[in-house]
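Asker: Got a structure here, written out as structure tokens. Questions coming.
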Amino acid sequence: MAEEPRTVADLLAVRAGDDRPGLRFESAAWTWRAVVAECGRRAAWLRENAPHDPPHIAVALDNIPEMVFLIGGAALSGHVIVALNTTRGPDDLARDAAATDCGLVLYEPAHAEAAVRAASACGAEAVDVTGGAYRAEVAAADPGTVSAEVTPVTPVMLIFTSGTSGRPRAVRITHRKLVVPGVSLAPMTGTSVYAPMPLFHSGALMAAVAPALAGGATLVLRRRFSASALVDDVRAYGCTYLHYVGKALSYVLATPERPDDADNPLRVAFGNEGSAALQDRFARRFGCRVIDAFGSTETAVSISPDPAAPPGALGRLPPEVQVCDPATGKPCPPARFDASGRLLNAEEAIGELVNVTGAGLFDGYYNDPDADALRLRDGRFHSGDFAYADADGFCYFAGRELDRLRVDGENLSAVPIEDALRRFPGVVEAAVYAVPDVAAGDQVMAALVLSGAFAPADFAAHVRDLAPKSVPRYVRICAALPQTASHKILKRRLAATAWRTGDPLWHRPGRALAYEHLTPESAARLDSELSANGRGHLVGRTE
């Protein structure tokens, strides 16, 4: 009986003689045998040209084959790919690359400015992977010359997430963090995996790339997600499995319906943050099964879907995970509901999701002992995610710790946004927090105390330089912010009321960077849409 794969290198070795279609991108295609050979060439190139102490290589790439080849190359050579989030600004990426001690930056022309700045911050070289010199050196490399000593806990990537401190944290993505979900999810992929989500996020790696590699399904890359192109791509490439983040489902559902929407090969859509209503609508419209799981880049707390779960539940809590009171560490009492399903005891039932047995698959952050200490305390992993569970152990998501937001699948921190808002003339104080998006994830809301009147056009001009997903969707003008006795802002109180307040409110109703008054009628429509998507419980919670 063949030994179970323990590393990404093991998974690549299984595919080394596989002549089935392995990777497709636009009009190009590779067999799995060819994919493994390309990974071997990158491994050889990295051994000759990349640093080894530490072996960290920053990459600024879209979803292109080179990203897959470099990840595979690093798995074979022992190098570590530092995946730069290319939706962030050049200054942010320079800081991220410097914080992870990168000795080389690889990029494509679309991200040249950010890559050059990142390389400068590290004192490293920036190399264009589309350039003739790089391509010639890689083509000449011998793919069979590299064999590194790697183990399941050897890092193969660093992926950034955001925390309450406001500074990105680089999570160690070890071989086992890819192999375990890859092997687990492989049986449901069918013949072809559609991967439109960015590969600098753990979700796409663990729920698309790894399962395709583990099961031998064809991996279909799309450079960037497109809602309007999704069904056409699925048909053109014969995709049987789709990886998504919750807001992606809502974007696809917002496209005009066609009578033949369900005429496609898709069997399974797998992802996270899709509400029960979105899952149901997507499944019925496109004739597939939607499986929505709960997890994070750290992978210390994971909750699998359960067909027996009530509507809106994530699934049943596994034995190692409990909902705990963040003040006492004790398990919270079960949630109680009224006849309409409204949570009756939110104050006592909502708590933090905690792995009470340890860290699970979390192998720590890179060079950030304070962040490790924040998450790992008393032999437990504290996720910072809030939830409640019913008497049968079914768990319902209730939000994230209040300085963390997730907008359109992106983890954001409130702190740098607050810093930017405090520079707006007239701002006395600012608080940024998450309020629920009507479809999935969060939206950014800012509460401001001003010394004068709010000027919406000037404010829009001021926030124009923020990353697009960091720009506040809602702005609340307050006479004062609620505070504790030690002058800490009570964001939970602000978040609980969201737009249900008598304070003046402004919002961006569409994609344009323009603010207008949020009228009571508009607020009522938000409440209606939130309820229609099964997310009404996320507003109006008690503390």
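Labels used: A, B, ... for chains in the order of the structure tokens, numbers from 1 for residues in each chain, and numbers from 1 for ligands as shown.
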What lies within 9 Å of Asp263 (chain A) using only C-alpha atoms, ignoring chain neighbours under 5 positions off, as number ranges by chain?
Answerer: A: 235, 286-287
Asker: Any idea what's packed within 10 Å of Glu149 (chain A), counting only C-alpha atoms, ignoring anything in its chain fewer than 6 positions away? Could you give it as a ChimeraX atom specification?
Answerer: /A:9,75-78
Asker: Given only C-alpha atoms as the basis, pick out the residue of A:Val105, A:Ala16, A:Ala467, A:Cys478 nearest to Glu429 (chain A).
Answerer: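 Of all the options, A:Cys478 lies closest to Glu429 (chain A).
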Asker: Leaving out Asp363 (chain A) and any residue of its chain fewer than 5 positions from it, which residues lie within 12 Å of it when counting only C-alpha atoms, given as an NGL selection string?
Answerer: :A and (152-158 or 170-177 or 297-300 or 358 or 372 or 375-376 or 381)
Asker: Next, the residues of the selection above should be written as a short mmCIF file (atom, residue, chain, number, x, y, z; two decimals), in the first residue's frame with N, CA, C and O atoms.
Answerer:
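The result, written out as out-v3.cif:
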```
data_model
loop_
_atom_site.label_atom_id
_atom_site.label_comp_id
_atom_site.auth_asym_id
_atom_site.auth_seq_id
_atom_site.Cartn_x
_atom_site.Cartn_y
_atom_site.Cartn_z
N PRO A 152 6.59 17.82 7.03
CA PRO A 152 5.25 18.41 7.04
C PRO A 152 5.19 19.80 7.66
O PRO A 152 4.31 20.59 7.31
N VAL A 153 6.11 20.13 8.57
CA VAL A 153 6.06 21.45 9.22
C VAL A 153 7.08 22.42 8.64
O VAL A 153 7.29 23.51 9.19
N THR A 154 7.70 22.07 7.52
CA THR A 154 8.57 23.01 6.82
C THR A 154 7.70 24.07 6.13
O THR A 154 6.77 23.71 5.40
N PRO A 155 7.98 25.35 6.31
CA PRO A 155 7.19 26.37 5.62
C PRO A 155 7.43 26.30 4.11
O PRO A 155 8.55 26.09 3.66
N VAL A 156 6.36 26.48 3.35
CA VAL A 156 6.48 26.60 1.90
C VAL A 156 6.02 27.97 1.42
O VAL A 156 6.40 28.43 0.36
N MET A 157 5.23 28.65 2.27
CA MET A 157 4.76 29.99 1.94
C MET A 157 4.57 30.80 3.22
O MET A 157 4.44 30.24 4.32
N LEU A 158 4.56 32.11 3.07
CA LEU A 158 4.08 33.03 4.10
C LEU A 158 2.94 33.82 3.47
O LEU A 158 3.09 34.38 2.39
N ALA A 170 2.30 37.59 9.04
CA ALA A 170 2.65 36.58 8.05
C ALA A 170 2.47 35.20 8.66
O ALA A 170 3.21 34.80 9.56
N VAL A 171 1.48 34.48 8.19
CA VAL A 171 1.19 33.13 8.70
C VAL A 171 2.08 32.12 7.99
O VAL A 171 2.21 32.14 6.76
N ARG A 172 2.68 31.24 8.75
CA ARG A 172 3.50 30.18 8.17
C ARG A 172 2.59 29.13 7.53
O ARG A 172 1.83 28.46 8.22
N ILE A 173 2.67 29.02 6.22
CA ILE A 173 1.92 28.00 5.50
C ILE A 173 2.88 26.83 5.28
O ILE A 173 3.72 26.84 4.39
N THR A 174 2.74 25.84 6.13
CA THR A 174 3.63 24.68 6.06
C THR A 174 3.09 23.67 5.05
O THR A 174 1.96 23.78 4.57
N HIS A 175 3.91 22.69 4.74
CA HIS A 175 3.49 21.65 3.80
C HIS A 175 2.19 20.98 4.26
O HIS A 175 1.29 20.74 3.46
N ARG A 176 2.08 20.71 5.55
CA ARG A 176 0.89 19.99 6.02
C ARG A 176 -0.37 20.84 5.91
O ARG A 176 -1.46 20.33 5.74
N LYS A 177 -0.22 22.18 5.98
CA LYS A 177 -1.39 23.05 5.87
C LYS A 177 -1.99 23.02 4.47
O LYS A 177 -3.14 23.40 4.26
N THR A 297 -6.87 31.55 7.78
CA THR A 297 -5.52 31.27 7.33
C THR A 297 -4.75 30.48 8.38
O THR A 297 -3.94 29.61 8.06
N GLU A 298 -5.02 30.76 9.65
CA GLU A 298 -4.32 30.06 10.72
C GLU A 298 -4.70 28.58 10.79
O GLU A 298 -3.90 27.76 11.25
N THR A 299 -5.90 28.24 10.40
CA THR A 299 -6.41 26.85 10.38
C THR A 299 -6.32 26.16 11.74
O THR A 299 -6.09 24.96 11.81
N ALA A 300 -6.53 26.90 12.79
CA ALA A 300 -6.60 26.29 14.12
C ALA A 300 -8.03 25.98 14.51
O ALA A 300 -8.27 25.12 15.36
N GLY A 358 -5.43 23.15 21.66
CA GLY A 358 -4.15 23.58 21.12
C GLY A 358 -4.29 24.37 19.84
O GLY A 358 -5.31 25.02 19.60
N ASP A 372 1.84 35.63 18.17
CA ASP A 372 1.70 34.24 18.61
C ASP A 372 1.10 34.18 20.01
O ASP A 372 0.21 33.38 20.30
N ARG A 375 -2.67 34.85 20.14
CA ARG A 375 -3.52 33.75 19.70
C ARG A 375 -3.40 32.51 20.59
O ARG A 375 -4.37 31.80 20.83
N LEU A 376 -2.19 32.22 21.04
CA LEU A 376 -1.96 31.01 21.83
C LEU A 376 -1.75 31.38 23.29
O LEU A 376 -0.72 31.94 23.67
N PHE A 381 -5.99 28.03 21.46
CA PHE A 381 -5.91 28.98 20.35
C PHE A 381 -7.16 29.85 20.38
O PHE A 381 -8.28 29.36 20.29
#
```
Asker: Find the spatial neighbours of Pro504 (chain A), counting only C-alpha atoms, within a cut-off of 8 Å - ignore same-chain residues fewer than 5 positions away - and output them as a ChimeraX atom specification.
Answerer: /A:476-478,517
Asker: Limited to all heavy atoms, could you put the picked residues into a file as an mmCIF file, in the first residue's frame?
Answerer:
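To be explicit, this is the file written out as result17.cif:
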```
data_model
loop_
_atom_site.group_PDB
_atom_site.id
_atom_site.type_symbol
_atom_site.label_atom_id
_atom_site.label_comp_id
_atom_site.auth_asym_id
_atom_site.auth_seq_id
_atom_site.Cartn_x
_atom_site.Cartn_y
_atom_site.Cartn_z
ATOM 1 N N ARG A 476 -20.709 57.724 10.137
ATOM 2 C CA ARG A 476 -21.627 58.175 11.197
ATOM 3 C C ARG A 476 -20.995 59.360 11.918
ATOM 4 O O ARG A 476 -19.847 59.277 12.353
ATOM 5 C CB ARG A 476 -21.883 57.025 12.169
ATOM 6 C CG ARG A 476 -22.716 57.376 13.388
ATOM 7 C CD ARG A 476 -22.905 56.120 14.241
ATOM 8 N NE ARG A 476 -23.631 56.413 15.475
ATOM 9 C CZ ARG A 476 -23.965 55.489 16.373
ATOM 10 N NH1 ARG A 476 -23.632 54.213 16.157
ATOM 11 N NH2 ARG A 476 -24.604 55.826 17.470
ATOM 12 N N ILE A 477 -21.718 60.463 12.027
ATOM 13 C CA ILE A 477 -21.212 61.659 12.689
ATOM 14 C C ILE A 477 -21.766 61.691 14.111
ATOM 15 O O ILE A 477 -22.978 61.743 14.321
ATOM 16 C CB ILE A 477 -21.624 62.936 11.926
ATOM 17 C CG1 ILE A 477 -21.244 62.825 10.448
ATOM 18 C CG2 ILE A 477 -20.976 64.156 12.564
ATOM 19 C CD1 ILE A 477 -19.772 62.583 10.186
ATOM 20 N N CYS A 478 -20.856 61.618 15.085
ATOM 21 C CA CYS A 478 -21.241 61.500 16.492
ATOM 22 C C CYS A 478 -20.817 62.736 17.276
ATOM 23 O O CYS A 478 -19.785 63.354 16.982
ATOM 24 C CB CYS A 478 -20.576 60.281 17.130
ATOM 25 S SG CYS A 478 -20.906 58.708 16.311
ATOM 26 N N HIS A 517 -26.557 61.380 2.007
ATOM 27 C CA HIS A 517 -27.257 61.057 3.246
ATOM 28 C C HIS A 517 -27.899 59.671 3.156
ATOM 29 O O HIS A 517 -28.485 59.316 2.130
ATOM 30 C CB HIS A 517 -28.342 62.100 3.530
ATOM 31 C CG HIS A 517 -27.830 63.310 4.260
ATOM 32 N ND1 HIS A 517 -27.341 63.261 5.548
ATOM 33 C CD2 HIS A 517 -27.737 64.612 3.864
ATOM 34 C CE1 HIS A 517 -26.977 64.470 5.924
ATOM 35 N NE2 HIS A 517 -27.198 65.304 4.924
#
```
Asker: Using only C-alpha atoms, which of A:Pro520, A:Pro319, A:Pro331, A:Pro416 sits nearest Thr501 (chain A)?
Answerer: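 When distances to Thr501 (chain A) are compared using only C-alpha atoms, the smallest one comes from A:Pro520.
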Asker: For a quick check of understanding, using only C-alpha atoms, which of A:Pro211, A:Gly510, A:Pro436, A:Gly351 has the smallest distance to Ala498 (chain A)?
Answerer: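 That would be A:Pro436, the residue with the smallest distance to Ala498 (chain A).
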Asker: Determine which residues of region 24-256 of chain A receive a DSSP assignment of alpha helix (DSSP H), computed from the backbone, and state them as a ChimeraX atom specification.
Answerer: /A:32-49,65-77,90-99,112-122,132-140,175-185,202-204,210-215,230-237,246-253
Asker: Restricting the calculation to only C-alpha atoms, which member of A:Leu374, A:Leu84, A:Ala212, A:Cys324 is positioned closest to Glu352 (chain A)?
Answerer: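 Answer, going by the shortest atom-to-atom distance: A:Cys324.
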Asker: May I have the residues within 7 Å of Leu526 (chain A) as number ranges by chain, using only C-alpha atoms and disregarding those fewer than 4 positions away in the same chain?
Answerer: A: 438, 522, 530
Asker: Find the distance between CA of Gly360 (chain A) and CA of Ser304 (chain A) and write it in Å to one decimal.
Answerer: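 Distance reported for this atom pair: 14.5 Å.
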Asker: Rank A:Ala94, A:Ala140, A:Ala480, A:Gly216 by their smallest atom-to-atom distance to Leu494 (chain A), using only C-alpha atoms, and report the top residue only.
Answerer: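 Of the candidates, the smallest distance to Leu494 (chain A) is held by A:Ala480.
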Asker: Could you pull out the residues in region 464-529 of chain A that DSSP calls strand (DSSP E) from the backbone, as a list in words?
Answerer: Tyr474, Val475, Arg476, Ile477, Cys478, Leu505, Trp506, His507, Glu516 and His517 of chain A
Asker: Restrict the selected residues to N, CA and C atoms and save them as a short mmCIF file (atom, residue, chain, number, x, y, z; two decimals), in the first residue's frame.
Answerer:
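Result file follows (out.cif):
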```cif
data_model
loop_
_atom_site.label_atom_id
_atom_site.label_comp_id
_atom_site.auth_asym_id
_atom_site.auth_seq_id
_atom_site.Cartn_x
_atom_site.Cartn_y
_atom_site.Cartn_z
N TYR A 474 -19.91 53.48 5.07
CA TYR A 474 -20.82 54.28 5.88
C TYR A 474 -20.01 55.22 6.78
N VAL A 475 -20.53 56.41 7.01
CA VAL A 475 -19.91 57.38 7.91
C VAL A 475 -20.97 57.89 8.87
N ARG A 476 -20.71 57.72 10.14
CA ARG A 476 -21.63 58.18 11.20
C ARG A 476 -21.00 59.36 11.92
N ILE A 477 -21.72 60.46 12.03
CA ILE A 477 -21.21 61.66 12.69
C ILE A 477 -21.77 61.69 14.11
N CYS A 478 -20.86 61.62 15.09
CA CYS A 478 -21.24 61.50 16.49
C CYS A 478 -20.82 62.74 17.28
N LEU A 505 -26.02 60.17 9.20
CA LEU A 505 -25.35 59.07 8.50
C LEU A 505 -25.16 59.42 7.04
N TRP A 506 -24.00 59.04 6.52
CA TRP A 506 -23.69 59.19 5.11
C TRP A 506 -23.26 57.84 4.59
N HIS A 507 -23.46 57.60 3.29
CA HIS A 507 -23.03 56.32 2.73
C HIS A 507 -22.69 56.48 1.26
N GLU A 516 -23.62 60.34 0.17
CA GLU A 516 -24.89 61.02 0.29
C GLU A 516 -25.57 60.59 1.57
N HIS A 517 -26.56 61.38 2.01
CA HIS A 517 -27.26 61.06 3.25
C HIS A 517 -27.90 59.67 3.16
#
```
Asker: Enter the distance from CA of Ala210 (chain A) to CA of Leu11 (chain A), in Å, rounded to one decimal.
Answerer: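 Computed distance, CA of Ala210 (chain A) to CA of Leu11 (chain A), equals 8.8 Å.
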Asker: When you count only C-alpha atoms, which of these residues is closest to Val179 (chain A): A:Asp10, A:Glu108, A:Asp101, A:Asp306?
Answerer: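 Answer, going by the shortest atom-to-atom distance: A:Asp10.
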Asker: Give me, please, the distance in Å between CA of Ile350 (chain A) and CA of Arg406 (chain A), quoted to one decimal.
Answerer: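 Interatomic distance, CA of Ile350 (chain A) to CA of Arg406 (chain A): 19.3 Å.
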Asker: I'd like the contact shell of Gly312 (chain A) - 8 Å cut-off, only C-alpha atoms, skipping same-chain residues fewer than 4 positions apart - returned as an MDAnalysis selection string.
Answerer: chainID A and resid 275:276 396 534
Asker: Determine, counting only C-alpha atoms, which protein, DNA and RNA residues have an atom within 9 Å of an atom of Pro143 (chain A); residues of the same chain fewer than 4 positions away are not included. Present the result as a list in words.
Answerer: Val36, Ala37, Glu38, Cys39, Gly40, Arg41, Arg42, Ala43 and Ala44 of chain A
Asker: Output C-alpha atoms of each residue in that selection to a file, as a PDB file, in the first residue's frame.
Answerer:
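Heads up, here's the output in part-v6.pdb:
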```
ATOM      1  CA  VAL A  36       5.942  19.092 -12.216  1.00  0.00           C
ATOM      2  CA  ALA A  37       8.818  19.649 -14.655  1.00  0.00           C
ATOM      3  CA  GLU A  38       8.183  23.407 -14.607  1.00  0.00           C
ATOM      4  CA  CYS A  39       8.162  23.342 -10.810  1.00  0.00           C
ATOM      5  CA  GLY A  40      11.469  21.460 -10.915  1.00  0.00           C
ATOM      6  CA  ARG A  41      13.001  24.131 -13.161  1.00  0.00           C
ATOM      7  CA  ARG A  42      11.942  26.853 -10.711  1.00  0.00           C
ATOM      8  CA  ALA A  43      13.408  24.821  -7.863  1.00  0.00           C
ATOM      9  CA  ALA A  44      16.731  24.615  -9.691  1.00  0.00           C
TER      10      ALA A  44
END
```
